[in-house]
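Right, one structure below, let's go through it.
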Amino acid sequence: MSLAICPGSFDPVTNGHINIIERTALLFDEVIVLVLINSAKKCAFTADERVNMITKATQNYPNVRVESFDGLLADFAKTSGANTLVKGLRAVTDFEYEFQLSLINKKLNPTLETLLMPTDSKYMYLSSSMVKEVASYGGDIKDFVPFEILTEVKNKLVKDGKN
Ligand code: PNS
């Protein structure tokens, strides 16, 4: 059985993330979408909220499950028996960071491979940070996040009842 992990902060999950998760689910028997908890990073959504939103948005994929983890990704991979990480790559600017992360993870867990999957071109501009900024000013984010979580994301991020 092939198992892959799609790791990330997912604060919040975007349509770009979902595209990578769906494509990974077609390539592997099982996929764990892993929400990493980083106490040094201030997130807009709690880990539970992020897990719940991804669960709603991936409900049509029976081979996808969503978990959260507070620790090193390389350690989670060892415990779960996964040898593959899949991460989306939007542009050259993502590459350096993802490349470095993949090398650190391989150093910590030598059996762990990282596959970098190019984003669908229609999501090249999309990031969780952009979603948060647009939403906070009352901008329309319906093309940016899955429809199942649109209201929840807006309710959390829209300032002063705009929108
Ligand atoms: O969505 P992101 O923010 O690009 O994802 C980065 C993430 C969460 C995958 C990365 O920061 C991570 O793996 N964090 C867990 C701690 C860890 O294992 N760090 C790598 C060694 S420094």
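To be explicit about the labels: the chains of the structure tokens are called A, B, and onward in the order shown, and within each one the residues are counted from 1, while ligands get numbers from 1 in the order they are shown.
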Can I get the residues of chain A within 8 Å of ligand 1, each with the closest pair of atoms and their distance in Å to one decimal, using only C-alpha atoms and all ligand atoms, sorted chain first then ascending number, as a tab-separated table?
residue	atom	partner	partner_atom_place_in_ligand_line	distance
A:Pro7	CA	ligand 1	9 (C)	4.8
A:Gly8	CA	ligand 1	1 (O)	3.4
A:Ser9	CA	ligand 1	1 (O)	4.0
A:Phe10	CA	ligand 1	1 (O)	5.7
A:Asp11	CA	ligand 1	1 (O)	7.9
A:Val35	CA	ligand 1	8 (C)	7.0
A:Leu36	CA	ligand 1	8 (C)	4.9
A:Ile37	CA	ligand 1	15 (C)	7.0
A:Asn38	CA	ligand 1	15 (C)	6.7
A:Asp70	CA	ligand 1	15 (C)	7.4
A:Gly71	CA	ligand 1	16 (C)	5.6
A:Leu72	CA	ligand 1	18 (O)	3.4
A:Leu73	CA	ligand 1	18 (O)	3.8
A:Ala74	CA	ligand 1	18 (O)	5.8
A:Asp75	CA	ligand 1	18 (O)	7.7
A:Glu98	CA	ligand 1	4 (O)	7.8
A:Leu101	CA	ligand 1	20 (C)	5.9
A:Ile104	CA	ligand 1	21 (C)	5.8
A:Asn105	CA	ligand 1	21 (C)	6.2
Self-check item: Test item, alpha helix (DSSP H) assignment across chain A, answer as JSON, numbers by chain
Solution: {"A": [15, 16, 17, 18, 19, 20, 21, 22, 23, 24, 25, 26, 27, 47, 48, 49, 50, 51, 52, 53, 54, 55, 56, 57, 73, 74, 75, 76, 77, 78, 79, 80, 92, 93, 94, 95, 96, 97, 98, 99, 100, 101, 102, 103, 104, 105, 106, 107, 108, 128, 129, 130, 131, 132, 133, 134, 135, 136, 150, 151, 152, 153, 154, 155, 156, 157]}
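As for atom CA of A:Pro146 and atom CA of A:Lys56, they are spaced 9.0 Å apart.
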Exercise. Give the strand (DSSP E) residues of chain A, as DSSP finds them on the backbone, and put them as a VMD selection string.
Key: chain A and resid 3 to 8 30 to 36 64 to 69 84 to 89 113 to 118
Quiz item: Which is closest to A:Glu152 among A:Met1, A:Ile54, A:Ile20, A:Leu34, if we use only C-alpha atoms?
Solution: A:Ile54
Quiz item: Any idea what's packed within 8 Å of A:Ala135, counting only C-alpha atoms, ignoring anything in its chain fewer than 6 positions away? Could you give it as a PyMOL selection string?
Solution: chain A and resi 141+154+157-158
Quiz prompt | d(atom CA of A:Val131, atom CA of A:Lys42) in Å | solution =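 So the two atoms, atom CA of A:Val131 and atom CA of A:Lys42, lie 15.6 Å apart.
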Quiz item: Contacts of stretch 26-32 of chain A at 8 Å or less, counting only C-alpha atoms, minus same-chain residues fewer than 5 places along, as a PyMOL selection string?
Solution: chain A and resi 1-6+21+63-67
Practice problem: For stretch 85-96 of chain A, work out the shell of residues within 8 Å, counting only C-alpha atoms and skipping chain neighbours fewer than 2 positions away, then give it as a list of chain:residue names. | Solution: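 Near stretch 85-96 of chain A, the qualifying residues are A:Ala4, A:Ile5, A:Cys6, A:Pro7, A:His17, A:Ile20, A:Thr24, A:Ala82, A:Asn83, A:Glu98, A:Phe99, A:Gln100, A:Leu112, A:Glu113, A:Thr114, A:Leu115, A:Leu116, A:Met117, A:Pro118, A:Thr119, A:Tyr123, A:Met124, A:Tyr125.
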